[in-house]
Amino acid sequence: MVPAEDIHSALQKIPWFSTLTPEHFKKTAELAHLRYAKAGETFFREGDKQDYVYIVLEGRVSLDIFVPHHGKMHFYTAEPYDVFGWSSVTPGMHQRIAGAVAVLDSTVACIDAEGLRQFAENDHDFGYLLMRRLANVVASRLMVTRLQLIDMFAGPTETMND
């Protein structure tokens, strides 16, 4: 197990933790641990039980989904300070909606999703801050997905000959 000082130090480097109160930071750190993954190692598969929300500290993590008649398709690469597995914090989600695999040797912060949900429920100030930040993550992912869809389904453009 990683010493608590290492977890605290790692979490302090994450920009969206910088505005937490000392109490909120301490409680979140108690719910967290670090995980080191070699390139190619799986964090979770689509359909797995949801247990953690992850934040990349070093390395890269590929997110993929299964598309019928096409197989697994990559849709996002999480870079340092990106959050992945965020749906585990939302109420009603019980299974992973995507898979995650380390692209490079990676270090991630793993935060217990059920503990985080309970903390947010019991402390509405923290809950508001958490959900506001997760809403920003979701909004940016929707924008990226929208641009990918536009790119996929846009027809070839005609060029004009002079």
# chains A, B, ... in the order shown; residues from 1 in each chain; ligands from 1
call {"tool": "residues_around", "arguments": {"residues": "range 98-105 of chain A", "least_positions_apart": "3", "cutoff": "6 Å", "atoms": "only C-alpha atoms", "output": "PyMOL selection string"}}
result
chain A and resi 37-46+59-65
call {"tool": "write_last_selection", "arguments": {"atoms": "N, CA and C atoms", "output": "PDB file, in the first residue's frame"}}
result
ATOM      1  N   ALA A  37       0.143   1.313 -13.220  1.00  0.00           N
ATOM      2  CA  ALA A  37      -0.235   0.350 -14.253  1.00  0.00           C
ATOM      3  C   ALA A  37       0.791   0.371 -15.372  1.00  0.00           C
ATOM      4  N   LYS A  38       1.160  -0.804 -15.829  1.00  0.00           N
ATOM      5  CA  LYS A  38       2.050  -0.934 -16.983  1.00  0.00           C
ATOM      6  C   LYS A  38       1.239  -0.716 -18.261  1.00  0.00           C
ATOM      7  N   ALA A  39       1.910  -0.284 -19.326  1.00  0.00           N
ATOM      8  CA  ALA A  39       1.245  -0.130 -20.621  1.00  0.00           C
ATOM      9  C   ALA A  39       0.565  -1.441 -20.985  1.00  0.00           C
ATOM     10  N   GLY A  40      -0.695  -1.355 -21.409  1.00  0.00           N
ATOM     11  CA  GLY A  40      -1.467  -2.533 -21.777  1.00  0.00           C
ATOM     12  C   GLY A  40      -2.305  -3.104 -20.643  1.00  0.00           C
ATOM     13  N   GLU A  41      -2.080  -2.637 -19.411  1.00  0.00           N
ATOM     14  CA  GLU A  41      -2.846  -3.144 -18.271  1.00  0.00           C
ATOM     15  C   GLU A  41      -4.250  -2.546 -18.262  1.00  0.00           C
ATOM     16  N   THR A  42      -5.241  -3.389 -17.970  1.00  0.00           N
ATOM     17  CA  THR A  42      -6.646  -2.975 -17.956  1.00  0.00           C
ATOM     18  C   THR A  42      -7.031  -2.438 -16.584  1.00  0.00           C
ATOM     19  N   PHE A  43      -7.672  -1.267 -16.579  1.00  0.00           N
ATOM     20  CA  PHE A  43      -8.245  -0.722 -15.343  1.00  0.00           C
ATOM     21  C   PHE A  43      -9.618  -1.328 -15.105  1.00  0.00           C
ATOM     22  N   PHE A  44     -10.428  -1.344 -16.165  1.00  0.00           N
ATOM     23  CA  PHE A  44     -11.748  -1.954 -16.090  1.00  0.00           C
ATOM     24  C   PHE A  44     -12.245  -2.216 -17.499  1.00  0.00           C
ATOM     25  N   ARG A  45     -13.262  -3.077 -17.581  1.00  0.00           N
ATOM     26  CA  ARG A  45     -13.885  -3.418 -18.860  1.00  0.00           C
ATOM     27  C   ARG A  45     -15.329  -2.921 -18.860  1.00  0.00           C
ATOM     28  N   GLU A  46     -15.836  -2.683 -20.038  1.00  0.00           N
ATOM     29  CA  GLU A  46     -17.238  -2.303 -20.183  1.00  0.00           C
ATOM     30  C   GLU A  46     -18.091  -3.390 -19.534  1.00  0.00           C
ATOM     31  N   GLY A  59       1.202   9.407 -17.419  1.00  0.00           N
ATOM     32  CA  GLY A  59       0.892   8.417 -18.438  1.00  0.00           C
ATOM     33  C   GLY A  59      -0.349   8.768 -19.230  1.00  0.00           C
ATOM     34  N   ARG A  60      -0.917   7.757 -19.875  1.00  0.00           N
ATOM     35  CA  ARG A  60      -2.127   7.925 -20.682  1.00  0.00           C
ATOM     36  C   ARG A  60      -2.976   6.678 -20.570  1.00  0.00           C
ATOM     37  N   VAL A  61      -4.299   6.875 -20.630  1.00  0.00           N
ATOM     38  CA  VAL A  61      -5.242   5.771 -20.532  1.00  0.00           C
ATOM     39  C   VAL A  61      -6.238   5.880 -21.686  1.00  0.00           C
ATOM     40  N   SER A  62      -6.396   4.782 -22.424  1.00  0.00           N
ATOM     41  CA  SER A  62      -7.318   4.733 -23.551  1.00  0.00           C
ATOM     42  C   SER A  62      -8.680   4.258 -23.078  1.00  0.00           C
ATOM     43  N   LEU A  63      -9.727   4.945 -23.514  1.00  0.00           N
ATOM     44  CA  LEU A  63     -11.101   4.548 -23.209  1.00  0.00           C
ATOM     45  C   LEU A  63     -11.728   3.994 -24.482  1.00  0.00           C
ATOM     46  N   ASP A  64     -12.438   2.876 -24.339  1.00  0.00           N
ATOM     47  CA  ASP A  64     -13.038   2.239 -25.506  1.00  0.00           C
ATOM     48  C   ASP A  64     -14.424   1.713 -25.188  1.00  0.00           C
ATOM     49  N   ILE A  65     -15.204   1.517 -26.241  1.00  0.00           N
ATOM     50  CA  ILE A  65     -16.533   0.919 -26.109  1.00  0.00           C
ATOM     51  C   ILE A  65     -16.671  -0.168 -27.168  1.00  0.00           C
TER      52      ILE A  65
END
call {"tool": "closest_atom_pairs", "arguments": {"of": "range 6-87 of chain A", "to": "range 116-130 of chain A", "cutoff": "10 Å", "atoms": "only C-alpha atoms", "output": "tab-separated table"}}
result
residue	atom	partner	partner_atom	distance
A:Trp16	CA	A:Leu130	CA	9.4
A:Phe17	CA	A:Leu130	CA	9.8
A:Thr19	CA	A:Leu129	CA	9.4
A:Leu20	CA	A:Phe126	CA	8.1
A:Thr21	CA	A:Phe126	CA	8.9
A:Glu23	CA	A:Phe126	CA	9.9
A:His24	CA	A:Phe126	CA	6.8
A:Phe25	CA	A:Phe126	CA	9.8
A:Lys27	CA	A:Phe119	CA	8.2
A:Thr28	CA	A:Leu116	CA	7.2
A:Leu31	CA	A:Leu116	CA	7.2
A:Ala32	CA	A:Leu116	CA	9.6
A:Tyr52	CA	A:Leu116	CA	9.1
A:Val53	CA	A:Leu116	CA	9.0
call {"tool": "write_last_selection", "arguments": {"atoms": "C-alpha atoms", "output": "compact mmCIF listing (two decimals), in the first residue's frame"}}
result
# COMPACT_ATOMS: atom_id res chain seq x y z
CA TRP A 16 -9.31 20.69 -9.30
CA PHE A 17 -8.41 19.72 -5.73
CA THR A 19 -9.90 24.86 -4.00
CA LEU A 20 -11.15 22.19 -1.60
CA THR A 21 -11.32 23.12 2.05
CA GLU A 23 -11.59 19.15 5.63
CA HIS A 24 -12.90 18.23 2.16
CA PHE A 25 -9.38 17.48 0.92
CA LYS A 27 -11.87 13.28 3.54
CA THR A 28 -11.30 12.83 -0.22
CA LEU A 31 -11.10 7.64 0.04
CA ALA A 32 -8.15 7.50 -2.37
CA TYR A 52 -13.67 3.96 -8.47
CA VAL A 53 -13.39 7.28 -10.25
call {"tool": "select_by_dssp", "arguments": {"residues": "range 2-113 of chain A", "states": "strand (DSSP E or B)", "output": "MDAnalysis selection string"}}
result
chainID A and resid 32:37 42:44 49 52:58 61:67 71:78 83:84 95 99:102 106:112
call {"tool": "write_last_selection", "arguments": {"atoms": "C-alpha atoms", "output": "PDB file, in the first residue's frame"}}
result
ATOM      1  CA  ALA A  32      -8.151   7.497  -2.369  1.00  0.00           C
ATOM      2  CA  HIS A  33      -5.177   5.364  -3.212  1.00  0.00           C
ATOM      3  CA  LEU A  34      -2.600   5.360  -5.998  1.00  0.00           C
ATOM      4  CA  ARG A  35      -2.388   2.697  -8.673  1.00  0.00           C
ATOM      5  CA  TYR A  36       0.542   2.051 -10.940  1.00  0.00           C
ATOM      6  CA  ALA A  37      -0.235   0.350 -14.253  1.00  0.00           C
ATOM      7  CA  THR A  42      -6.646  -2.975 -17.956  1.00  0.00           C
ATOM      8  CA  PHE A  43      -8.245  -0.722 -15.343  1.00  0.00           C
ATOM      9  CA  PHE A  44     -11.748  -1.954 -16.090  1.00  0.00           C
ATOM     10  CA  LYS A  49     -19.080  -3.175 -11.542  1.00  0.00           C
ATOM     11  CA  TYR A  52     -13.665   3.963  -8.475  1.00  0.00           C
ATOM     12  CA  VAL A  53     -13.392   7.279 -10.250  1.00  0.00           C
ATOM     13  CA  TYR A  54      -9.860   7.763 -11.594  1.00  0.00           C
ATOM     14  CA  ILE A  55      -7.579  10.723 -12.237  1.00  0.00           C
ATOM     15  CA  VAL A  56      -4.486  10.280 -14.406  1.00  0.00           C
ATOM     16  CA  LEU A  57      -1.358  11.620 -12.706  1.00  0.00           C
ATOM     17  CA  GLU A  58       1.221  10.309 -15.169  1.00  0.00           C
ATOM     18  CA  VAL A  61      -5.242   5.771 -20.532  1.00  0.00           C
ATOM     19  CA  SER A  62      -7.318   4.733 -23.551  1.00  0.00           C
ATOM     20  CA  LEU A  63     -11.101   4.548 -23.209  1.00  0.00           C
ATOM     21  CA  ASP A  64     -13.038   2.239 -25.506  1.00  0.00           C
ATOM     22  CA  ILE A  65     -16.533   0.919 -26.109  1.00  0.00           C
ATOM     23  CA  PHE A  66     -17.861  -2.127 -27.897  1.00  0.00           C
ATOM     24  CA  VAL A  67     -19.708  -1.298 -31.114  1.00  0.00           C
ATOM     25  CA  GLY A  71     -15.717  -4.554 -32.102  1.00  0.00           C
ATOM     26  CA  LYS A  72     -13.895  -2.392 -29.559  1.00  0.00           C
ATOM     27  CA  MET A  73     -13.472   1.210 -30.642  1.00  0.00           C
ATOM     28  CA  HIS A  74     -11.233   3.774 -28.982  1.00  0.00           C
ATOM     29  CA  PHE A  75     -13.041   7.050 -28.287  1.00  0.00           C
ATOM     30  CA  TYR A  76     -10.863   9.023 -25.859  1.00  0.00           C
ATOM     31  CA  THR A  77      -7.346   9.172 -24.430  1.00  0.00           C
ATOM     32  CA  ALA A  78      -7.126  10.426 -20.849  1.00  0.00           C
ATOM     33  CA  VAL A  83     -10.805  12.175 -14.960  1.00  0.00           C
ATOM     34  CA  PHE A  84     -12.092   8.837 -16.206  1.00  0.00           C
ATOM     35  CA  GLN A  95     -21.884  -0.951 -14.529  1.00  0.00           C
ATOM     36  CA  GLY A  99     -13.336   0.082 -20.858  1.00  0.00           C
ATOM     37  CA  ALA A 100     -10.016   1.641 -19.808  1.00  0.00           C
ATOM     38  CA  VAL A 101      -6.494   0.428 -20.620  1.00  0.00           C
ATOM     39  CA  ALA A 102      -3.129   2.074 -19.887  1.00  0.00           C
ATOM     40  CA  SER A 106       0.700   5.209 -15.785  1.00  0.00           C
ATOM     41  CA  THR A 107       0.007   6.387 -12.260  1.00  0.00           C
ATOM     42  CA  VAL A 108      -3.591   7.161 -11.374  1.00  0.00           C
ATOM     43  CA  ALA A 109      -5.427   8.296  -8.273  1.00  0.00           C
ATOM     44  CA  CYS A 110      -8.330   5.928  -7.544  1.00  0.00           C
ATOM     45  CA  ILE A 111     -11.133   7.398  -5.434  1.00  0.00           C
ATOM     46  CA  ASP A 112     -13.784   5.120  -3.945  1.00  0.00           C
TER      47      ASP A 112
END
